[in-house]
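Asker: Below are the C-alpha cells for one structure; questions will follow.
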Amino acid sequence: MKPATGKQAAQAATKEPFLAVIRELVRAYQAFKSYSDADIRQMGLTSSQFDIIATLGNTSGMTFNQLAEKTLTTKGELTGIIDRLEKKGLVRREVPPEDRRSFLAVLTPEGEQVFEQIYPSHVAYLKQRFEKLDLRELEQIRLSLERLKKLF
C-alpha cells in the first residue's frame with residue numbers, strides 16, 4: 001500500500017494527536033506572555049529588557065554569550081537590548097581583563113536598584129496565577145515540559 005499524498009496526506013496530517021498539544025502549548029505561552037508583559041510594561045521596560053535585568057541581578061555581570069544562553073534572547077537581539085538599557089543608565093559594558101575580546105554586561109547601581117524593586121514585584125504578580133496550582137501539579141508540568149524539550 002503506497003503512502004497517502006496530496007489532499008489525503010493533508011487531511012491525515014490535520015488529525016495527528018500531537019497537534020492539539022502544540023496548540024495548547026502555544027496558547028499557554030501566549031496567555032502567559034500577555035499576562036506577564038502587561039506588568040512589565042507598567043515598569044517602563046520591554047519583556048526582553050526585564051529578562052536581561054532579571055538575569056544580571058545578583059551577579060557581577062555576564063558575557064553576551066552567557067546572557068544569550070540564560071535568557072530568551074538571541075545574540076543578534078542582545079546588542080540592541082543592551083544598547084537601550086545603557087541609554088537608560090541601567091547597564092554598562094565592561095571589558096574583562098582576562099579576555100579583552102569580549103564584553104561583560106553589568107548592572108549599574110541604578111540597574112541594581114531597578115532589579116531590587118521590580119523583580120520581587122513581578123514574581124509576586126506571577127505568583128497570583130501560579131499559586132492556583134499545588135506543588136505536585138507544578139512539578140508535573142515542569143517534568144512534562146522538560147521531557148518535551150528533550151524531544152528536540
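Identifiers in this document derive from the order of the C-alpha cells: chains are assigned A, B, ..., residues are numbered from 1 separately in each chain, and ligands are numbered from 1 in order of occurrence.
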Dump as a Markdown table the rows for residues of region 79-101 of chain A within 12 Å of region 46-60 of chain A: closest atom pair and distance in Å with one decimal, only C-alpha atoms counted, ordered by chain and rising residue number.

Answerer:
```
| residue | atom | partner | partner_atom | distance |
| --- | --- | --- | --- | --- |
| A:Thr79 | CA | A:Ile52 | CA | 11.3 |
| A:Gly80 | CA | A:Gln49 | CA | 10.0 |
| A:Ile81 | CA | A:Gln49 | CA | 6.3 |
| A:Ile82 | CA | A:Gln49 | CA | 7.9 |
| A:Asp83 | CA | A:Gln49 | CA | 10.3 |
| A:Arg84 | CA | A:Gln49 | CA | 8.3 |
| A:Leu85 | CA | A:Gln49 | CA | 7.0 |
| A:Glu86 | CA | A:Gln49 | CA | 10.7 |
| A:Lys88 | CA | A:Gln49 | CA | 10.7 |
| A:Gly89 | CA | A:Ile53 | CA | 11.9 |
| A:Leu90 | CA | A:Ile53 | CA | 8.2 |
| A:Val91 | CA | A:Ile53 | CA | 8.2 |
| A:Arg92 | CA | A:Leu56 | CA | 11.3 |
| A:Arg93 | CA | A:Ser60 | CA | 11.8 |
| A:Glu94 | CA | A:Ser60 | CA | 10.8 |
| A:Pro96 | CA | A:Ser60 | CA | 11.3 |
```

Asker: Put those residues in a file: N, CA and C atoms, as a JSON list (two decimals), in the first residue's frame.

Answerer:
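Listed below is the output, selection-v9.json:
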```
[["chain", "number", "residue", "atom", "x", "y", "z"],
["A", 79, "THR", "N", 22.59, 42.81, 21.50],
["A", 79, "THR", "CA", 23.32, 44.08, 21.39],
["A", 79, "THR", "C", 22.37, 45.26, 21.45],
["A", 80, "GLY", "N", 21.27, 45.19, 20.72],
["A", 80, "GLY", "CA", 20.30, 46.29, 20.72],
["A", 80, "GLY", "C", 19.64, 46.48, 22.08],
["A", 81, "ILE", "N", 19.33, 45.38, 22.74],
["A", 81, "ILE", "CA", 18.71, 45.47, 24.07],
["A", 81, "ILE", "C", 19.68, 46.09, 25.06],
["A", 82, "ILE", "N", 20.93, 45.65, 25.02],
["A", 82, "ILE", "CA", 21.95, 46.22, 25.92],
["A", 82, "ILE", "C", 22.15, 47.70, 25.60],
["A", 83, "ASP", "N", 22.18, 48.06, 24.33],
["A", 83, "ASP", "CA", 22.30, 49.48, 23.94],
["A", 83, "ASP", "C", 21.20, 50.31, 24.59],
["A", 84, "ARG", "N", 19.95, 49.83, 24.51],
["A", 84, "ARG", "CA", 18.82, 50.58, 25.07],
["A", 84, "ARG", "C", 18.89, 50.65, 26.60],
["A", 85, "LEU", "N", 19.34, 49.56, 27.23],
["A", 85, "LEU", "CA", 19.48, 49.58, 28.68],
["A", 85, "LEU", "C", 20.62, 50.50, 29.12],
["A", 86, "GLU", "N", 21.68, 50.58, 28.29],
["A", 86, "GLU", "CA", 22.77, 51.53, 28.57],
["A", 86, "GLU", "C", 22.25, 52.96, 28.51],
["A", 88, "LYS", "N", 19.35, 53.99, 29.15],
["A", 88, "LYS", "CA", 18.53, 54.22, 30.34],
["A", 88, "LYS", "C", 19.39, 54.30, 31.61],
["A", 89, "GLY", "N", 20.69, 54.00, 31.48],
["A", 89, "GLY", "CA", 21.59, 54.06, 32.63],
["A", 89, "GLY", "C", 21.48, 52.84, 33.54],
["A", 90, "LEU", "N", 20.95, 51.73, 33.02],
["A", 90, "LEU", "CA", 20.73, 50.56, 33.86],
["A", 90, "LEU", "C", 21.80, 49.48, 33.70],
["A", 91, "VAL", "N", 22.51, 49.51, 32.58],
["A", 91, "VAL", "CA", 23.54, 48.51, 32.28],
["A", 91, "VAL", "C", 24.75, 49.22, 31.70],
["A", 92, "ARG", "N", 25.92, 48.65, 31.96],
["A", 92, "ARG", "CA", 27.14, 49.15, 31.30],
["A", 92, "ARG", "C", 27.91, 47.96, 30.77],
["A", 93, "ARG", "N", 28.75, 48.24, 29.77],
["A", 93, "ARG", "CA", 29.63, 47.21, 29.22],
["A", 93, "ARG", "C", 30.99, 47.35, 29.88],
["A", 94, "GLU", "N", 31.58, 46.21, 30.22],
["A", 94, "GLU", "CA", 32.94, 46.20, 30.74],
["A", 94, "GLU", "C", 33.74, 45.20, 29.93],
["A", 96, "PRO", "N", 36.43, 42.44, 30.28],
["A", 96, "PRO", "CA", 37.10, 41.67, 31.33],
["A", 96, "PRO", "C", 38.60, 41.59, 31.07]]
```

Asker: So which bits of region 62-113 of chain A end up strand (DSSP E or B) when you DSSP the backbone, as a VMD selection string?

Answerer: chain A and resid 62 to 63 91 to 94 104 to 107

Asker: Restricting it to C-alpha atoms, dump the selection as a compact mmCIF listing (two decimals), in the first residue's frame.

Answerer:
```
# COMPACT_ATOMS: atom_id res chain seq x y z
CA MET A 62 27.87 38.14 32.35
CA THR A 63 29.35 37.86 28.92
CA VAL A 91 23.54 48.51 32.28
CA ARG A 92 27.14 49.15 31.30
CA ARG A 93 29.63 47.21 29.22
CA GLU A 94 32.94 46.20 30.74
CA LEU A 104 30.59 41.83 30.16
CA ALA A 105 27.13 43.30 30.69
CA VAL A 106 26.92 44.63 34.24
CA LEU A 107 24.06 46.32 36.07
```

Asker: Check chain A with DSSP on the backbone and list each residue it calls helix (DSSP H, G or I), as a VMD selection string.

Answerer: chain A and resid 6 to 13 18 to 42 47 to 56 64 to 70 75 to 87 109 to 130 135 to 150

Asker: Which neighbours of region 123-136 of chain A fall inside 9 Å, counting only C-alpha atoms, when residues of the same chain fewer than 4 positions from it are skipped, and could you give them as a list in words?

Answerer: Phe32, Tyr35, Ser36, Asp39, Ile118, Tyr119, Gln140 and Ile141 of chain A

Asker: Can I get the selection written as a PDB file, in the first residue's frame, with C-alpha atoms?

Answerer:
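The result, stored in out23.pdb:
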```pdb
ATOM      1  CA  PHE A  32       1.451  33.784  29.996  1.00  0.00           C
ATOM      2  CA  TYR A  35      -0.214  38.495  31.408  1.00  0.00           C
ATOM      3  CA  SER A  36       3.492  38.955  32.192  1.00  0.00           C
ATOM      4  CA  ASP A  39       3.014  44.070  34.285  1.00  0.00           C
ATOM      5  CA  ILE A 118      10.844  45.193  40.040  1.00  0.00           C
ATOM      6  CA  TYR A 119      11.974  41.579  40.311  1.00  0.00           C
ATOM      7  CA  GLN A 140       4.211  17.510  36.950  1.00  0.00           C
ATOM      8  CA  ILE A 141       4.042  20.412  34.465  1.00  0.00           C
TER       9      ILE A 141
END
```

Asker: Near Leu148 (chain A), counting only C-alpha atoms, which residues have an atom at most 12 Å away, once you skip same-chain residues fewer than 6 positions from it, shown as number ranges by chain?

Answerer: A: 18, 21-22, 25, 141-142
